[in-house]
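Text of protein03.txt, listed as compact mmCIF, C-alpha atoms:
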# COMPACT_ATOMS: atom_id res chain seq x y z
CA MET A 1 101.96 106.70 95.27
CA ASP A 2 100.35 103.40 94.34
CA PRO A 3 102.44 100.77 92.54
CA GLN A 4 101.68 100.88 88.81
CA LEU A 5 101.06 97.22 88.04
CA SER A 6 98.29 97.12 85.48
CA ASP A 7 100.59 97.10 82.45
CA SER A 8 102.56 94.17 83.85
CA ASP A 9 102.09 90.56 82.88
CA VAL A 10 103.11 89.08 86.21
CA VAL A 11 101.39 85.84 87.08
CA VAL A 12 101.05 83.48 90.02
CA THR A 13 102.54 80.07 89.29
CA GLY A 14 102.75 78.55 92.76
CA MET A 15 101.27 78.98 96.22
CA GLY A 16 102.10 77.73 99.69
CA VAL A 17 100.35 78.06 103.01
CA VAL A 18 100.65 77.20 106.67
CA THR A 19 97.23 77.76 108.27
CA PRO A 20 95.12 76.60 111.21
CA LEU A 21 93.11 74.52 108.70
CA GLY A 22 96.22 72.82 107.39
CA ASP A 23 99.11 73.30 105.00
CA ASP A 24 97.79 71.54 101.91
CA LEU A 25 96.16 73.82 99.31
CA ASP A 26 93.51 71.31 98.27
CA SER A 27 92.57 70.46 101.86
CA LEU A 28 92.38 74.15 102.77
CA TRP A 29 90.11 74.80 99.81
CA GLN A 30 87.80 71.93 100.69
CA ASP A 31 87.61 72.98 104.35
CA LEU A 32 86.75 76.55 103.38
CA LEU A 33 84.06 75.29 100.99
CA ALA A 34 82.66 73.10 103.77
CA GLY A 35 82.44 76.06 106.14
CA LYS A 36 84.83 74.62 108.69
CA SER A 37 86.38 76.83 111.35
CA ALA A 38 89.70 76.30 113.12
CA VAL A 39 88.79 78.61 116.00
CA ARG A 40 88.63 76.85 119.37
CA TYR A 41 89.15 77.29 123.10
CA TRP A 42 92.76 77.01 124.31
CA ASP A 43 93.50 75.98 127.89
CA ASP A 44 96.94 77.60 127.93
CA LEU A 45 95.50 80.98 126.95
CA ALA A 46 92.83 80.64 129.64
CA ASP A 47 95.46 79.71 132.23
CA GLU A 48 97.42 82.81 131.27
CA GLY A 49 94.40 84.95 132.10
CA PHE A 50 93.17 85.99 128.68
CA ARG A 51 89.57 87.14 128.83
CA THR A 52 88.75 85.45 125.52
CA PRO A 53 90.94 82.33 125.10
CA LEU A 54 89.62 81.58 121.60
CA ALA A 55 92.00 81.49 118.65
CA ALA A 56 92.84 79.72 115.41
CA ARG A 57 96.31 78.23 115.82
CA VAL A 58 98.65 76.31 113.55
CA THR A 59 99.36 72.80 114.86
CA SER A 60 101.73 71.63 112.14
CA ILE A 61 104.59 73.84 113.38
CA ALA A 62 105.40 72.73 116.91
CA GLY A 63 106.87 74.77 119.72
CA GLU A 64 106.57 78.23 121.17
CA ASP A 65 110.14 79.32 120.57
CA ALA A 66 111.26 82.82 119.61
CA PHE A 67 111.59 82.01 115.91
CA ARG A 68 108.53 79.89 115.27
CA GLY A 69 107.25 82.42 112.74
CA SER A 70 110.37 82.01 110.63
CA ARG A 71 109.79 78.26 110.50
CA MET A 72 106.24 78.91 109.34
CA ALA A 73 107.56 81.27 106.67
CA VAL A 74 110.10 78.78 105.33
CA ALA A 75 107.53 75.98 105.22
CA ALA A 76 105.01 78.09 103.26
CA ALA A 77 107.71 79.34 100.88
CA ARG A 78 108.91 75.78 100.19
CA HIS A 79 105.33 74.77 99.44
CA ALA A 80 105.02 77.63 96.95
CA LEU A 81 108.21 76.68 95.11
CA THR A 82 107.20 73.01 94.99
CA ASN A 83 103.69 73.89 93.85
CA GLY A 84 105.16 76.11 91.15
CA ALA A 85 107.75 73.50 90.10
CA LEU A 86 110.51 76.10 90.22
CA VAL A 87 114.10 75.25 91.05
CA PRO A 88 115.44 78.47 92.61
CA GLU A 89 117.47 80.18 89.91
CA GLY A 90 118.02 83.67 88.63
CA ILE A 91 117.22 86.60 90.88
CA LEU A 92 114.43 85.52 93.22
CA GLY A 93 113.38 88.13 95.77
CA VAL A 94 111.46 87.52 98.99
CA PHE A 95 108.78 90.04 99.93
CA ALA A 96 106.94 89.44 103.21
CA GLY A 97 104.32 91.38 105.12
CA THR A 98 103.78 91.18 108.86
CA THR A 99 102.41 93.21 111.73
CA MET A 100 104.74 92.34 114.58
CA GLY A 101 107.55 90.13 113.30
CA GLU A 102 108.68 87.40 115.72
CA SER A 103 106.29 88.53 118.44
CA ILE A 104 107.17 85.62 120.73
CA ALA A 105 110.74 86.89 120.95
CA PHE A 106 109.50 90.27 122.16
CA GLU A 107 107.15 88.60 124.65
CA GLN A 108 110.02 86.53 126.01
CA ALA A 109 112.25 89.60 126.28
CA ALA A 110 109.53 91.39 128.25
CA ALA A 111 109.46 88.41 130.62
CA GLY A 112 113.21 88.73 131.20
CA LYS A 113 114.25 85.88 128.93
CA GLY A 114 117.20 86.51 126.67
CA SER A 115 116.42 87.09 123.02
CA ASN A 116 118.33 88.72 120.19
CA LEU A 117 115.64 91.17 119.18
CA SER A 118 117.66 92.45 116.24
CA GLN A 119 116.82 89.14 114.58
CA ALA A 120 113.14 89.28 115.48
CA THR A 121 112.00 92.29 113.45
CA ALA A 122 109.76 92.14 110.39
CA LYS A 123 112.79 91.37 108.22
CA ALA A 124 113.30 88.07 110.07
CA PHE A 125 110.72 86.31 107.90
CA PRO A 126 111.96 87.10 104.37
CA GLN A 127 115.55 86.71 105.58
CA ALA A 128 114.79 83.24 106.95
CA VAL A 129 113.27 82.21 103.61
CA HIS A 130 116.19 83.71 101.69
CA ASP A 131 118.77 81.88 103.80
CA ALA A 132 116.97 78.54 104.07
CA LEU A 133 116.36 78.29 100.32
CA GLY A 134 119.74 79.69 99.29
CA LEU A 135 118.23 82.42 97.15
CA GLN A 136 119.94 85.18 95.18
CA GLY A 137 117.80 88.28 95.37
CA PRO A 138 116.55 91.13 97.55
CA VAL A 139 114.85 90.73 100.91
CA ARG A 140 111.99 93.10 101.70
CA ALA A 141 109.65 93.37 104.70
CA TYR A 142 106.43 95.35 104.98
CA ALA A 143 105.13 96.06 108.47
CA THR A 144 101.88 97.56 107.28
CA ALA A 145 99.49 95.91 109.71
CA CYS A 146 96.62 93.87 108.33
CA ALA A 147 97.17 95.08 104.76
CA ALA A 148 100.79 93.87 104.72
CA GLY A 149 100.33 90.81 102.51
CA ASN A 150 98.81 92.89 99.73
CA TYR A 151 101.63 95.41 100.09
CA ALA A 152 104.23 92.66 99.67
CA ILE A 153 102.49 91.16 96.63
CA GLY A 154 102.21 94.56 94.98
CA ALA A 155 105.84 95.47 95.63
CA ALA A 156 107.05 92.11 94.32
CA THR A 157 104.96 92.46 91.17
CA GLN A 158 106.38 95.91 90.55
CA ALA A 159 109.95 94.62 91.00
CA ILE A 160 109.38 91.82 88.47
CA ALA A 161 107.59 94.05 85.96
CA SER A 162 110.41 96.61 86.08
CA GLY A 163 113.04 93.94 85.47
CA GLN A 164 114.74 94.27 88.85
CA ILE A 165 114.20 90.58 89.61
CA ASP A 166 113.15 87.43 87.74
CA TYR A 167 110.93 85.77 90.33
CA ALA A 168 109.49 86.54 93.75
CA LEU A 169 108.05 84.80 96.75
CA ALA A 170 105.53 87.30 98.09
CA GLY A 171 103.12 86.99 100.97
CA GLY A 172 102.73 87.39 104.69
CA VAL A 173 103.65 85.75 107.98
CA GLU A 174 102.26 86.11 111.49
CA PRO A 175 102.72 83.75 114.45
CA LEU A 176 100.16 84.02 117.22
CA SER A 177 100.89 87.13 119.25
CA ARG A 178 99.89 87.37 122.88
CA ILE A 179 100.65 91.07 122.70
CA ALA A 180 98.02 91.44 119.99
CA LEU A 181 95.65 89.11 121.83
CA ALA A 182 95.82 91.31 124.92
CA GLY A 183 95.44 94.49 122.88
CA PHE A 184 92.42 93.34 120.90
CA SER A 185 90.83 92.01 124.08
CA ARG A 186 91.29 95.30 125.92
CA SER A 187 89.84 97.21 122.99
CA ARG A 188 86.77 94.94 123.15
CA ALA A 189 87.32 93.79 119.56
CA MET A 190 87.40 90.11 120.52
CA SER A 191 84.29 87.96 120.51
CA SER A 192 83.54 85.24 123.04
CA GLU A 193 81.46 83.60 120.32
CA LEU A 194 82.28 82.66 116.74
CA CYS A 195 83.47 85.38 114.40
CA ARG A 196 80.58 86.14 112.02
CA PRO A 197 81.67 88.61 109.31
CA PHE A 198 78.87 90.86 108.03
CA ASP A 199 76.34 89.05 110.22
CA ARG A 200 73.52 90.90 111.91
CA GLN A 201 74.64 89.51 115.29
CA ARG A 202 78.41 89.83 114.75
CA SER A 203 80.28 90.64 117.95
CA GLY A 204 83.96 90.67 117.09
CA MET A 205 86.98 88.73 115.89
CA GLN A 206 89.31 85.96 116.95
CA LEU A 207 93.03 86.00 116.44
CA GLY A 208 94.71 83.58 114.07
CA GLU A 209 98.16 82.82 112.76
CA ALA A 210 99.40 81.81 109.32
CA ALA A 211 102.02 82.07 106.63
CA ALA A 212 101.31 82.26 102.91
CA PHE A 213 103.47 82.90 99.85
CA LEU A 214 102.72 83.26 96.16
CA LEU A 215 105.37 82.49 93.54
CA LEU A 216 105.33 85.31 91.00
CA GLU A 217 107.04 85.62 87.62
CA ARG A 218 106.60 87.10 84.16
CA LYS A 219 104.04 85.20 82.12
CA GLU A 220 106.44 84.65 79.22
CA ASP A 221 109.02 83.13 81.58
CA ALA A 222 106.40 80.86 83.09
CA LEU A 223 105.28 79.61 79.69
CA ASP A 224 108.86 79.14 78.53
CA ARG A 225 109.57 76.79 81.44
CA GLY A 226 106.26 74.96 81.07
CA ALA A 227 104.60 76.38 84.18
CA ARG A 228 100.87 76.99 84.27
CA PRO A 229 99.80 80.52 85.25
CA LEU A 230 97.16 80.38 87.97
CA ALA A 231 96.15 84.05 87.93
CA ARG A 232 97.49 87.46 86.94
CA ILE A 233 98.30 90.25 89.38
CA VAL A 234 96.55 93.24 87.80
CA SER A 235 96.75 96.23 90.13
CA LEU A 236 97.10 97.32 93.76
CA GLY A 237 95.27 100.30 95.17
CA LEU A 238 96.45 101.86 98.43
CA SER A 239 95.20 104.66 100.64
CA CYS A 240 95.58 105.90 104.19
CA ASP A 241 92.78 107.75 105.94
CA ALA A 242 94.66 108.09 109.28
CA TYR A 243 91.32 108.55 111.00
CA HIS A 244 92.28 106.83 114.26
CA PRO A 245 95.12 104.59 115.53
CA THR A 246 92.85 101.55 115.74
CA ALA A 247 89.35 102.38 114.44
CA PRO A 248 88.42 102.66 110.76
CA SER A 249 86.84 105.82 109.44
CA PRO A 250 83.08 105.14 109.83
CA ASP A 251 82.27 106.54 106.40
CA GLY A 252 84.47 103.99 104.63
CA LYS A 253 85.91 106.64 102.32
CA GLY A 254 89.53 105.58 102.81
CA MET A 255 88.70 101.98 101.97
CA ALA A 256 86.76 103.16 98.93
CA ARG A 257 89.73 105.21 97.70
CA ALA A 258 91.93 102.10 97.70
CA MET A 259 89.34 100.18 95.65
CA ILE A 260 88.89 103.07 93.20
CA SER A 261 92.65 103.39 92.79
CA ALA A 262 92.98 99.69 91.99
CA LEU A 263 90.17 99.86 89.41
CA THR A 264 91.53 103.04 87.83
CA GLN A 265 95.01 101.58 87.41
CA ALA A 266 93.53 98.45 85.87
CA GLY A 267 91.32 100.43 83.52
CA LEU A 268 88.29 98.57 84.83
CA GLN A 269 84.79 99.81 85.46
CA PRO A 270 83.38 98.68 88.84
CA GLY A 271 80.95 96.35 87.10
CA LYS A 272 83.86 94.24 85.81
CA ILE A 273 84.68 92.97 89.32
CA ASP A 274 82.95 89.61 89.77
CA TRP A 275 83.70 88.94 93.44
CA ILE A 276 85.15 90.66 96.51
CA CYS A 277 87.27 88.75 99.00
CA ALA A 278 86.50 91.13 101.83
CA HIS A 279 88.47 92.09 104.91
CA GLY A 280 85.43 91.03 106.96
CA SER A 281 86.92 91.10 110.46
CA GLY A 282 83.57 90.52 112.15
CA THR A 283 83.70 93.66 114.30
CA ARG A 284 80.74 96.01 114.36
CA ALA A 285 82.70 99.07 113.20
CA SER A 286 84.98 97.55 110.55
CA ASP A 287 82.32 95.53 108.74
CA ALA A 288 79.97 98.53 108.68
CA ALA A 289 82.68 100.79 107.23
CA GLU A 290 83.63 98.19 104.64
CA ALA A 291 80.01 97.78 103.55
CA LYS A 292 79.73 101.55 103.06
CA ALA A 293 82.96 101.55 101.05
CA ILE A 294 81.68 98.80 98.76
CA HIS A 295 78.49 100.74 98.06
CA GLN A 296 80.42 103.96 97.41
CA VAL A 297 82.44 102.19 94.71
CA PHE A 298 79.92 99.74 93.25
CA GLY A 299 76.54 101.26 94.07
CA GLU A 300 73.52 99.03 94.42
CA ASP A 301 74.95 96.51 91.93
CA ALA A 302 77.87 95.45 94.13
CA PRO A 303 79.39 92.06 93.33
CA ALA A 304 79.13 89.04 95.59
CA VAL A 305 81.12 89.32 98.83
CA SER A 306 82.82 86.64 100.93
CA ALA A 307 85.03 86.75 104.03
CA ILE A 308 87.08 83.86 105.45
CA LYS A 309 88.21 85.15 108.85
CA GLY A 310 85.44 83.14 110.51
CA ALA A 311 87.30 80.03 109.34
CA LEU A 312 90.92 81.02 109.97
CA GLY A 313 90.78 83.83 112.49
CA HIS A 314 92.47 87.16 111.84
CA SER A 315 96.14 86.49 111.10
CA MET A 316 96.94 90.22 110.86
CA GLY A 317 99.97 90.71 108.57
CA ALA A 318 99.41 87.31 106.95
CA ALA A 319 95.67 87.78 106.40
CA THR A 320 95.66 89.37 102.94
CA ALA A 321 98.31 86.89 101.77
CA VAL A 322 96.18 83.91 102.83
CA GLU A 323 93.15 85.62 101.30
CA ALA A 324 95.09 86.17 98.05
CA VAL A 325 95.71 82.42 97.95
CA ALA A 326 91.99 81.87 98.54
CA ALA A 327 91.16 84.36 95.78
CA VAL A 328 93.46 82.66 93.26
CA SER A 329 91.90 79.30 94.17
CA THR A 330 88.45 80.81 93.69
CA LEU A 331 89.38 82.01 90.20
CA GLN A 332 90.80 78.58 89.37
CA HIS A 333 87.78 76.63 90.59
CA GLN A 334 85.16 79.14 89.38
CA CYS A 335 83.40 78.73 92.70
CA LEU A 336 82.80 81.43 95.30
CA LEU A 337 83.78 80.66 98.87
CA PRO A 338 81.12 80.99 101.56
CA THR A 339 81.35 83.38 104.51
CA VAL A 340 81.95 80.92 107.34
CA ASN A 341 79.69 81.27 110.42
CA LEU A 342 77.32 83.71 108.68
CA LEU A 343 73.76 83.17 109.89
CA GLU A 344 71.93 86.29 108.73
CA SER A 345 73.50 89.06 106.69
CA ASP A 346 73.10 92.46 108.30
CA PRO A 347 70.08 93.94 106.49
CA GLU A 348 71.56 97.43 106.75
CA PHE A 349 74.42 96.44 104.46
CA HIS A 350 72.39 95.37 101.40
CA LEU A 351 75.26 93.16 100.29
CA ASP A 352 75.24 89.79 98.55
CA VAL A 353 76.96 87.86 101.36
CA PHE A 354 76.28 84.12 101.55
CA ASN A 355 77.14 81.05 103.63
CA ARG A 356 77.11 78.33 100.96
CA PRO A 357 79.55 77.77 98.07
CA ARG A 358 78.35 79.26 94.83
CA ASP A 359 79.36 77.99 91.38
CA VAL A 360 79.69 80.76 88.81
CA ASP A 361 80.39 81.04 85.11
CA ASN A 362 83.11 83.21 83.60
CA LEU A 363 84.53 84.45 86.90
CA ARG A 364 87.34 86.73 85.73
CA PHE A 365 88.22 89.53 88.16
CA ALA A 366 88.45 89.35 91.94
CA LEU A 367 89.21 92.13 94.41
CA ASN A 368 91.18 91.14 97.52
CA CYS A 369 90.71 93.77 100.23
CA GLY A 370 92.57 94.30 103.49
CA TYR A 371 92.63 97.17 105.97
CA GLY A 372 94.91 97.83 108.92
CA PHE A 373 95.35 99.97 111.98
CA GLY A 374 96.23 103.57 111.27
CA GLY A 375 93.90 103.62 108.28
CA LEU A 376 96.09 101.55 105.95
CA ASN A 377 93.84 100.37 103.14
CA SER A 378 94.59 98.00 100.27
CA ALA A 379 92.73 96.48 97.34
CA LEU A 380 94.39 93.99 94.99
CA VAL A 381 92.86 93.08 91.61
CA LEU A 382 93.47 89.52 90.42
CA GLU A 383 92.51 88.11 87.01
CA ALA A 384 91.82 84.50 86.10
CA SER A 385 94.34 82.94 83.72
Write out the structure in this file as structure tokens.
Amino acid sequence: MDPQLSDSDVVVTGMGVVTPLGDDLDSLWQDLLAGKSAVRYWDDLADEGFRTPLAARVTSIAGEDAFRGSRMAVAAARHALTNGALVPEGILGVFAGTTMGESIAFEQAAAGKGSNLSQATAKAFPQAVHDALGLQGPVRAYATACAAGNYAIGAATQAIASGQIDYALAGGVEPLSRIALAGFSRSRAMSSELCRPFDRQRSGMQLGEAAAFLLLERKEDALDRGARPLARIVSLGLSCDAYHPTAPSPDGKGMARAMISALTQAGLQPGKIDWICAHGSGTRASDAAEAKAIHQVFGEDAPAVSAIKGALGHSMGAATAVEAVAAVSTLQHQCLLPTVNLLESDPEFHLDVFNRPRDVDNLRFALNCGYGFGGLNSALVLEAS
């Protein structure tokens, strides 16, 4: 059952990121507007024999140790608290999505190097944040593949709205995974060229890594402490089509069900959505299925569509969290982000996809979409404050 969020008044008051384009929110926004991409060739990945040694990697967090992801998580969470001007108090829960947890620890264990794998599961990330910041509240992890960030944000919003907690840090974390790099390469999902979401000549994705957290709280609490709401979390639609372990259902119906669920909960007609922050992985199959899903829900009058994985790579469990940050920033700035690396939109899609920033008036509702292996589909509605 989908979380019932639409009656809540839970708002975003702070955000923090650690991304391949940097850890500062303003700099990240400007780089995305400028169409910059962090994807590049990596000698170490080539030396290790990877067929496609292209990736978007974080350079601000040094080292390749077993718990690098936890350091990324703590850094992003600290940024969110600082950005939201909140001194940790009350019951503050940590909700984090991921695909693989501390993947480096598992890679080291496979190579015969000692690692305590009980501390490397998905729970490692929210636990690290909880311990480092000295928080009093629940710790929750969501290993729901590339939709995990949306799952975490939805669950945190529900916990706040129901009165279980006062505040939440919700998002996603994913350090670069060589296991995933090998898997995507073998499945021929990786591109030896730039990732071009929704492009006519798109040929695949590149892997990324990131951490992103949103500080969530009740609107009345935010106003009482003088914090400025950045956006409201409206609703989260979920579905699972279970079509294939790795491939999306070609008809896009599972993705469409998640979008419809989100709109239904919010009491919104499709025409009220002003912009879609799309999954846009850049693979032939996924982009085609997503385009069909958008048309099933919105018809020929679909809203504008952007995708940012060409800039940041695909950070799996962190992707929808980073994209939620991008969506909130878009609502704040009233400017639509371009689809980085797009040259020519696939004419079969009939979508309004663009490669230049676009100023808009009265941008109110955004839909943040993310889909994962196993047919896990998510659509998060955000409203400008």
What lies within 10 Å of Leu169 (chain A) using only C-alpha atoms, ignoring chain neighbours under 3 positions off, as a short mmCIF file (atom, residue, chain, number, x, y, z; two decimals) with C-alpha atoms, in the coordinates of the input?
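Everything below was put into part-v6.cif:
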data_model
loop_
_atom_site.label_atom_id
_atom_site.label_comp_id
_atom_site.auth_asym_id
_atom_site.auth_seq_id
_atom_site.Cartn_x
_atom_site.Cartn_y
_atom_site.Cartn_z
CA VAL A 12 101.05 83.48 90.02
CA GLY A 14 102.75 78.55 92.76
CA MET A 15 101.27 78.98 96.22
CA GLY A 16 102.10 77.73 99.69
CA ALA A 76 105.01 78.09 103.26
CA ALA A 77 107.71 79.34 100.88
CA ARG A 78 108.91 75.78 100.19
CA ALA A 80 105.02 77.63 96.95
CA LEU A 81 108.21 76.68 95.11
CA LEU A 92 114.43 85.52 93.22
CA GLY A 93 113.38 88.13 95.77
CA VAL A 94 111.46 87.52 98.99
CA PHE A 95 108.78 90.04 99.93
CA ALA A 96 106.94 89.44 103.21
CA PRO A 126 111.96 87.10 104.37
CA VAL A 129 113.27 82.21 103.61
CA HIS A 130 116.19 83.71 101.69
CA VAL A 139 114.85 90.73 100.91
CA ALA A 152 104.23 92.66 99.67
CA ILE A 153 102.49 91.16 96.63
CA ALA A 156 107.05 92.11 94.32
CA THR A 157 104.96 92.46 91.17
CA GLY A 172 102.73 87.39 104.69
CA ALA A 212 101.31 82.26 102.91
CA PHE A 213 103.47 82.90 99.85
CA LEU A 214 102.72 83.26 96.16
CA LEU A 215 105.37 82.49 93.54
CA LEU A 216 105.33 85.31 91.00
CA GLU A 217 107.04 85.62 87.62
#
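Between Val325 (chain A) and the candidates A:Leu263, A:Ala161, A:Leu28, A:Ala182, the tightest atom-to-atom separation, counting all atoms listed in the file, involves A:Leu28.
Nearest residue to Leu312 (chain A) among A:Ala366, A:Met259, A:Leu207, A:Ala141 is A:Leu207, counting all atoms listed in the file.
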Counting all atoms listed in the file, which residues of region 167-264 of chain A sit at most 9 Å from some atom of region 45-63 of chain A, and what is each one's closest atom pair with its distance in Å to one decimal, listed by chain and rising residue number, as JSON lines?
{"residue": "A:Pro175", "atom": "CA", "partner": "A:Val58", "partner_atom": "CA", "distance": 8.5}
{"residue": "A:Leu176", "atom": "CA", "partner": "A:Arg57", "partner_atom": "CA", "distance": 7.1}
{"residue": "A:Arg178", "atom": "CA", "partner": "A:Leu45", "partner_atom": "CA", "distance": 8.8}
{"residue": "A:Leu181", "atom": "CA", "partner": "A:Phe50", "partner_atom": "CA", "distance": 7.9}
{"residue": "A:Ala182", "atom": "CA", "partner": "A:Phe50", "partner_atom": "CA", "distance": 7.0}
{"residue": "A:Ser185", "atom": "CA", "partner": "A:Arg51", "partner_atom": "CA", "distance": 6.9}
{"residue": "A:Arg186", "atom": "CA", "partner": "A:Arg51", "partner_atom": "CA", "distance": 8.8}
{"residue": "A:Met190", "atom": "CA", "partner": "A:Thr52", "partner_atom": "CA", "distance": 7.0}
{"residue": "A:Ser191", "atom": "CA", "partner": "A:Thr52", "partner_atom": "CA", "distance": 7.2}
{"residue": "A:Ser192", "atom": "CA", "partner": "A:Thr52", "partner_atom": "CA", "distance": 5.8}
{"residue": "A:Glu193", "atom": "CA", "partner": "A:Leu54", "partner_atom": "CA", "distance": 8.5}
{"residue": "A:Leu194", "atom": "CA", "partner": "A:Leu54", "partner_atom": "CA", "distance": 8.9}
{"residue": "A:Gln206", "atom": "CA", "partner": "A:Ala55", "partner_atom": "CA", "distance": 5.5}
{"residue": "A:Leu207", "atom": "CA", "partner": "A:Ala55", "partner_atom": "CA", "distance": 5.1}
{"residue": "A:Gly208", "atom": "CA", "partner": "A:Ala56", "partner_atom": "CA", "distance": 4.5}
{"residue": "A:Glu209", "atom": "CA", "partner": "A:Arg57", "partner_atom": "CA", "distance": 5.8}
{"residue": "A:Ala210", "atom": "CA", "partner": "A:Val58", "partner_atom": "CA", "distance": 7.0}
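Among the candidate residues A:Leu33, A:Ile160, A:Ala231, A:Leu133, the one lying nearest to Ala327 (chain A) is A:Ala231, with distances computed using all atoms listed in the file.
Ranking A:Asp287, A:Phe365, A:Leu376, A:Gln265 by their shortest atom-to-atom distance to Ala304 (chain A), with all atoms listed in the file included, puts A:Phe365 first.
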As JSON, what would the box around region 71-87 of chain A look like: edges along x, y and z, 5 Å added on every side, centre and edge lengths in Å to one decimal?
{"center_x": 108.9, "center_y": 77.1, "center_z": 100.3, "size_x": 20.4, "size_y": 18.3, "size_z": 30.4}
Practice item. Name all residues at most 9 Å from Gln334 (chain A) (count only C-alpha atoms; drop same-chain ones fewer than 5 positions away) and give them as a VMD selection string. Key: chain A and resid 329 358 to 364
Any chance you can output those residues with C-alpha atoms as a compact mmCIF listing (two decimals), keeping the file's coordinate frame?
# COMPACT_ATOMS: atom_id res chain seq x y z
CA SER A 329 91.90 79.30 94.17
CA ARG A 358 78.35 79.26 94.83
CA ASP A 359 79.36 77.99 91.38
CA VAL A 360 79.69 80.76 88.81
CA ASP A 361 80.39 81.04 85.11
CA ASN A 362 83.11 83.21 83.60
CA LEU A 363 84.53 84.45 86.90
CA ARG A 364 87.34 86.73 85.73
**Study point:** Exercise: region 115-125 of chain A partners within 12 Å, all atoms listed in the file, chain neighbours under 3 positions left out, as a PyMOL selection string
**Key:** chain A and resi 65-77+94-112+128-132+138-145+148+169-175+211-213+317-318
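Atom to atom, CA of Thr13 (chain A) and CA of Arg228 (chain A) stand 6.1 Å apart.
Between CA of Asp346 (chain A) and CA of Ser306 (chain A) lies a distance of 13.5 Å.
Look at Lys292 (chain A): the protein and nucleic acid residues within 9 Å of it, using all atoms listed in the file and passing over chain neighbours fewer than 2 places away, are Pro250, Asp251, Gly252, Lys253, Ala256, Asp287, Ala288, Ala289, Glu290, Ile294, His295, Gln296, Val297 and Phe349 of chain A.
Comparing A:Val328, A:Ala85, A:Ala159, A:Ala293 by their smallest distance to Arg232 (chain A), the closest is A:Val328 (using all atoms listed in the file).
Between CA of Arg40 (chain A) and CA of Leu351 (chain A) the interatomic distance comes to 28.4 Å.
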